[in-house]
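What follows is the content of protein17.cif, which has mmCIF, C-alpha atoms:
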```
data_model
#
loop_
_atom_site.group_PDB
_atom_site.id
_atom_site.type_symbol
_atom_site.label_atom_id
_atom_site.label_comp_id
_atom_site.auth_asym_id
_atom_site.auth_seq_id
_atom_site.Cartn_x
_atom_site.Cartn_y
_atom_site.Cartn_z
ATOM 1 C CA MET A 1 -19.018 -15.846 -29.235
ATOM 2 C CA GLY A 2 -22.462 -15.410 -27.722
ATOM 3 C CA ASP A 3 -23.256 -14.104 -24.238
ATOM 4 C CA ALA A 4 -23.701 -17.638 -22.833
ATOM 5 C CA ALA A 5 -20.315 -18.766 -24.156
ATOM 6 C CA ALA A 6 -18.678 -15.611 -22.816
ATOM 7 C CA GLN A 7 -20.059 -16.324 -19.341
ATOM 8 C CA THR A 8 -18.868 -19.944 -19.265
ATOM 9 C CA HIS A 9 -15.377 -19.081 -20.518
ATOM 10 C CA ASN A 10 -14.853 -16.012 -18.296
ATOM 11 C CA VAL A 11 -14.522 -13.755 -21.331
ATOM 12 C CA LYS A 12 -14.886 -9.981 -21.225
ATOM 13 C CA ILE A 13 -16.472 -8.160 -24.132
ATOM 14 C CA LEU A 14 -14.788 -4.890 -25.024
ATOM 15 C CA HIS A 15 -16.793 -2.075 -26.631
ATOM 16 C CA LEU A 16 -14.731 0.817 -28.001
ATOM 17 C CA VAL A 17 -16.234 4.264 -28.356
ATOM 18 C CA ARG A 18 -14.311 7.251 -29.623
ATOM 19 C CA HIS A 19 -15.325 10.636 -28.285
ATOM 20 C CA ALA A 20 -18.045 12.483 -30.119
ATOM 21 C CA GLN A 21 -17.178 15.413 -32.371
ATOM 22 C CA GLY A 22 -15.237 18.139 -30.574
ATOM 23 C CA VAL A 23 -15.069 21.825 -31.399
ATOM 24 C CA HIS A 24 -11.433 21.287 -32.424
ATOM 25 C CA ASN A 25 -12.538 18.699 -35.013
ATOM 26 C CA VAL A 26 -14.779 21.295 -36.653
ATOM 27 C CA ALA A 27 -12.070 23.967 -36.632
ATOM 28 C CA GLY A 28 -9.365 21.560 -37.827
ATOM 29 C CA ALA A 29 -11.500 20.384 -40.748
ATOM 30 C CA GLN A 30 -11.768 23.971 -41.963
ATOM 31 C CA ASP A 31 -8.145 24.934 -41.268
ATOM 32 C CA HIS A 32 -5.646 22.439 -39.861
ATOM 33 C CA SER A 33 -3.489 25.216 -38.400
ATOM 34 C CA ALA A 34 -6.430 26.180 -36.139
ATOM 35 C CA LEU A 35 -5.548 23.142 -34.002
ATOM 36 C CA MET A 36 -2.566 25.101 -32.675
ATOM 37 C CA SER A 37 -4.851 27.747 -31.194
ATOM 38 C CA PRO A 38 -4.963 27.913 -27.374
ATOM 39 C CA ARG A 39 -8.710 28.437 -27.850
ATOM 40 C CA TYR A 40 -9.031 24.656 -28.282
ATOM 41 C CA PHE A 41 -7.161 23.692 -25.103
ATOM 42 C CA ASP A 42 -8.751 20.463 -23.824
ATOM 43 C CA ALA A 43 -11.554 20.916 -26.362
ATOM 44 C CA ASN A 44 -15.175 20.214 -25.454
ATOM 45 C CA LEU A 45 -17.861 18.676 -27.609
ATOM 46 C CA SER A 46 -19.401 20.577 -30.498
ATOM 47 C CA PRO A 47 -23.199 20.898 -30.807
ATOM 48 C CA LEU A 48 -23.131 17.959 -33.259
ATOM 49 C CA GLY A 49 -20.981 16.034 -30.752
ATOM 50 C CA SER A 50 -23.583 16.616 -28.046
ATOM 51 C CA GLN A 51 -26.271 15.241 -30.370
ATOM 52 C CA GLN A 52 -24.078 12.233 -31.187
ATOM 53 C CA VAL A 53 -23.774 11.549 -27.447
ATOM 54 C CA ARG A 54 -27.566 11.749 -26.942
ATOM 55 C CA ASP A 55 -28.084 9.352 -29.859
ATOM 56 C CA LEU A 56 -25.513 6.883 -28.540
ATOM 57 C CA SER A 57 -26.962 7.077 -25.026
ATOM 58 C CA SER A 58 -30.428 6.234 -26.334
ATOM 59 C CA TYR A 59 -29.024 3.305 -28.321
ATOM 60 C CA VAL A 60 -26.968 1.941 -25.402
ATOM 61 C CA VAL A 61 -30.045 1.994 -23.167
ATOM 62 C CA SER A 62 -32.621 0.692 -25.673
ATOM 63 C CA SER A 63 -30.364 -2.124 -26.931
ATOM 64 C CA GLY A 64 -29.720 -3.457 -23.440
ATOM 65 C CA ILE A 65 -25.963 -3.017 -23.760
ATOM 66 C CA LEU A 66 -25.829 -0.700 -20.735
ATOM 67 C CA ALA A 67 -26.959 -3.503 -18.408
ATOM 68 C CA LYS A 68 -23.980 -5.655 -19.460
ATOM 69 C CA ILE A 69 -21.202 -3.072 -19.102
ATOM 70 C CA GLN A 70 -19.047 -3.545 -16.002
ATOM 71 C CA LEU A 71 -16.589 -0.664 -16.385
ATOM 72 C CA VAL A 72 -16.173 2.400 -18.586
ATOM 73 C CA VAL A 73 -12.585 3.545 -19.120
ATOM 74 C CA THR A 74 -11.938 6.918 -20.713
ATOM 75 C CA SER A 75 -8.955 9.105 -21.343
ATOM 76 C CA PRO A 76 -8.714 12.209 -19.129
ATOM 77 C CA LEU A 77 -9.673 14.844 -21.679
ATOM 78 C CA SER A 78 -12.833 16.926 -21.442
ATOM 79 C CA ARG A 79 -14.376 15.634 -24.673
ATOM 80 C CA THR A 80 -13.762 11.979 -23.781
ATOM 81 C CA ILE A 81 -14.963 12.309 -20.189
ATOM 82 C CA GLU A 82 -17.994 14.274 -21.363
ATOM 83 C CA THR A 83 -18.808 11.540 -23.901
ATOM 84 C CA ALA A 84 -18.442 8.768 -21.305
ATOM 85 C CA VAL A 85 -20.418 10.560 -18.618
ATOM 86 C CA LYS A 86 -23.276 11.590 -20.891
ATOM 87 C CA VAL A 87 -23.588 8.093 -22.367
ATOM 88 C CA PHE A 88 -23.127 6.014 -19.197
ATOM 89 C CA ASP A 89 -23.955 8.241 -16.197
ATOM 90 C CA ARG A 90 -27.110 7.413 -14.219
ATOM 91 C CA LYS A 91 -28.623 10.920 -14.106
ATOM 92 C CA LEU A 92 -27.806 11.885 -17.679
ATOM 93 C CA THR A 93 -28.808 8.538 -19.182
ATOM 94 C CA SER A 94 -32.153 8.679 -17.360
ATOM 95 C CA GLU A 95 -32.764 12.171 -18.752
ATOM 96 C CA SER A 96 -31.888 10.938 -22.240
ATOM 97 C CA VAL A 97 -34.386 8.085 -21.942
ATOM 98 C CA GLN A 98 -37.121 10.402 -20.663
ATOM 99 C CA ASN A 99 -36.485 12.810 -23.537
ATOM 100 C CA SER A 100 -36.600 9.978 -26.094
ATOM 101 C CA GLY A 101 -39.988 8.752 -24.849
ATOM 102 C CA ASP A 102 -38.717 5.301 -23.776
ATOM 103 C CA ASP A 103 -39.924 3.737 -20.535
ATOM 104 C CA ALA A 104 -37.912 5.343 -17.750
ATOM 105 C CA ALA A 105 -39.254 2.769 -15.281
ATOM 106 C CA GLU A 106 -37.065 0.133 -16.943
ATOM 107 C CA MET A 107 -34.021 2.241 -16.083
ATOM 108 C CA SER A 108 -34.401 1.561 -12.360
ATOM 109 C CA ASP A 109 -33.144 -2.015 -12.927
ATOM 110 C CA VAL A 110 -29.998 -0.922 -14.769
ATOM 111 C CA ASN A 111 -26.705 -1.306 -12.950
ATOM 112 C CA TYR A 112 -24.636 1.702 -14.004
ATOM 113 C CA PRO A 113 -20.951 1.015 -14.515
ATOM 114 C CA PRO A 114 -18.245 2.998 -12.769
ATOM 115 C CA ILE A 115 -16.365 5.436 -15.004
ATOM 116 C CA LEU A 116 -12.582 5.528 -14.733
ATOM 117 C CA ALA A 117 -10.375 8.176 -16.349
ATOM 118 C CA TYR A 118 -7.004 6.625 -17.152
ATOM 119 C CA GLU A 119 -4.022 8.596 -18.468
ATOM 120 C CA LEU A 120 -2.674 5.791 -20.668
ATOM 121 C CA CYS A 121 -5.880 5.798 -22.735
ATOM 122 C CA ARG A 122 -5.012 9.127 -24.286
ATOM 123 C CA GLU A 123 -4.820 9.119 -28.056
ATOM 124 C CA ARG A 124 -1.722 11.288 -28.152
ATOM 125 C CA LEU A 125 0.388 13.627 -26.096
ATOM 126 C CA GLY A 126 1.069 16.107 -28.862
ATOM 127 C CA LEU A 127 1.747 19.761 -29.371
ATOM 128 C CA HIS A 128 -1.855 20.680 -30.117
ATOM 129 C CA PRO A 129 -3.636 22.452 -27.249
ATOM 130 C CA CYS A 130 -6.692 20.248 -27.854
ATOM 131 C CA ASP A 131 -4.594 17.243 -26.743
ATOM 132 C CA LYS A 132 -3.550 18.858 -23.484
ATOM 133 C CA ARG A 133 -5.674 18.406 -20.382
ATOM 134 C CA ARG A 134 -6.767 20.152 -17.229
ATOM 135 C CA THR A 135 -5.564 19.096 -13.807
ATOM 136 C CA VAL A 136 -7.179 16.170 -12.024
ATOM 137 C CA THR A 137 -8.336 18.611 -9.336
ATOM 138 C CA GLU A 138 -10.254 20.595 -11.966
ATOM 139 C CA TYR A 139 -11.745 17.441 -13.459
ATOM 140 C CA ARG A 140 -12.852 16.124 -10.081
ATOM 141 C CA SER A 141 -14.920 19.259 -9.524
ATOM 142 C CA LEU A 142 -16.425 19.033 -13.033
ATOM 143 C CA TYR A 143 -17.021 15.256 -12.993
ATOM 144 C CA PRO A 144 -17.437 14.124 -9.371
ATOM 145 C CA ASP A 145 -18.712 10.651 -10.360
ATOM 146 C CA VAL A 146 -15.601 9.819 -12.405
ATOM 147 C CA ASP A 147 -12.795 7.920 -10.692
ATOM 148 C CA PHE A 148 -9.362 9.361 -11.426
ATOM 149 C CA SER A 149 -7.535 6.634 -9.501
ATOM 150 C CA LEU A 150 -6.987 3.000 -10.400
ATOM 151 C CA LYS A 151 -9.020 1.722 -7.440
ATOM 152 C CA VAL A 152 -12.042 0.708 -9.543
ATOM 153 C CA MET A 153 -9.937 -1.064 -12.159
ATOM 154 C CA MET A 154 -7.910 -2.911 -9.517
ATOM 155 C CA THR A 155 -11.107 -4.023 -7.775
ATOM 156 C CA LEU A 156 -12.616 -5.398 -10.980
ATOM 157 C CA CYS A 157 -9.463 -6.812 -12.557
ATOM 158 C CA GLY A 158 -7.378 -7.693 -9.507
ATOM 159 C CA SER A 159 -3.628 -7.665 -9.349
ATOM 160 C CA LEU A 160 -3.245 -9.570 -12.644
ATOM 161 C CA MET A 161 -3.345 -6.275 -14.507
ATOM 162 C CA LEU A 162 -0.087 -5.213 -12.917
ATOM 163 C CA GLU A 163 1.531 -8.653 -12.705
ATOM 164 C CA ARG A 164 1.267 -9.624 -16.376
ATOM 165 C CA PRO A 165 3.074 -6.580 -17.838
ATOM 166 C CA LEU A 166 5.846 -6.997 -15.254
ATOM 167 C CA GLN A 167 6.219 -10.690 -16.151
ATOM 168 C CA ARG A 168 6.689 -9.799 -19.820
ATOM 169 C CA LEU A 169 9.619 -7.575 -18.909
ATOM 170 C CA GLN A 170 11.479 -10.401 -17.185
ATOM 171 C CA PRO A 171 13.919 -12.441 -19.320
ATOM 172 C CA GLY A 172 12.492 -15.751 -20.477
ATOM 173 C CA ALA A 173 8.896 -14.736 -19.786
#
```

Can you present the structure in this file as structure tokens?
Amino acid sequence: MGDAAAQTHNVKILHLVRHAQGVHNVAGAQDHSALMSPRYFDANLSPLGSQQVRDLSSYVVSSGILAKIQLVVTSPLSRTIETAVKVFDRKLTSESVQNSGDDAAEMSDVNYPPILAYELCRERLGLHPCDKRRTVTEYRSLYPDVDFSLKVMMTLCGSLMLERPLQRLQPGA
């Protein structure tokens, strides 16, 4: 379905992005038991992961996709928040464009989407320290532009988000 059809049918387009490579991915590829190390608690991006984020940020801006995104939802882990912020954040995206040589003047017209960290987007709640997270208080100081409440999602999606799952739980629904 094209953009025009999506607009006339009130359709949302969903883009899925997995986090860039984390330091735990590198360690786990060499020795799977390394994933149990507390060293990888809430693992950050690896140097290759940081490059992957810069590349994706440049693509999202140059392709025009950024202008169409209404909301970015990420899980509340450092590597996923870092990926979302560095790809979709106003300051960091502008720096990425300037470093790539693209026209930074075009960036002034871009409407940057809010970024929401949502617990239910986590891939797993496992035993590995890399899948455990910091407190929301810690994250708020590290990522002040990320919303750790559901206020943004409720504003954009309305109460239907909460009503539909509850309706499914009722008999005969």

*asked:* Report, in Å to a single decimal, how far apart CA of Arg134 (chain A) and CA of Asp55 (chain A) are.
replied: 27.0 Å

_the PyMOL selection byres ((chain A and resi 25-27) around 10) resolved against shown file, as a PyMOL selection string_ = chain A and resi 20-24+28-35+37+40+43+45-46+48-49+130

*Tell me, in Å to one decimal, how far CA of Leu142 (chain A) is from CA of Val17 (chain A).*
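Between these atoms lies a distance of 21.3 Å.
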
*Could you check how far CA of Asn44 (chain A) sits from CA of Lys132 (chain A), in Å to one decimal?*
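Answer for the CA of Asn44 (chain A) to CA of Lys132 (chain A) separation: 11.9 Å.
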
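For the file at hand, the PyMOL selection byres ((chain A and resi 65-78) around 6) resolves to A:Asp42, A:Asn44, A:Val60, A:Val61, A:Ser63, A:Gly64, A:Arg79, A:Thr80, A:Ile81, A:Glu82, A:Val110, A:Asn111, A:Pro113, A:Pro114, A:Ile115, A:Leu116, A:Ala117, A:Tyr118, A:Glu119, A:Cys121, A:Arg122, A:Arg133.
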
*Using all atoms listed in the file, which of the listed residues (A:Leu127, A:Val53, A:Leu120, A:Val85) sits closest to Pro144 (chain A)?*
A:Val85

_Among the residues A:Asp145, A:Arg39, A:Leu16, A:Asn10, the one that comes closest to Asp131 (chain A) [using only C-alpha atoms]_ = A:Arg39
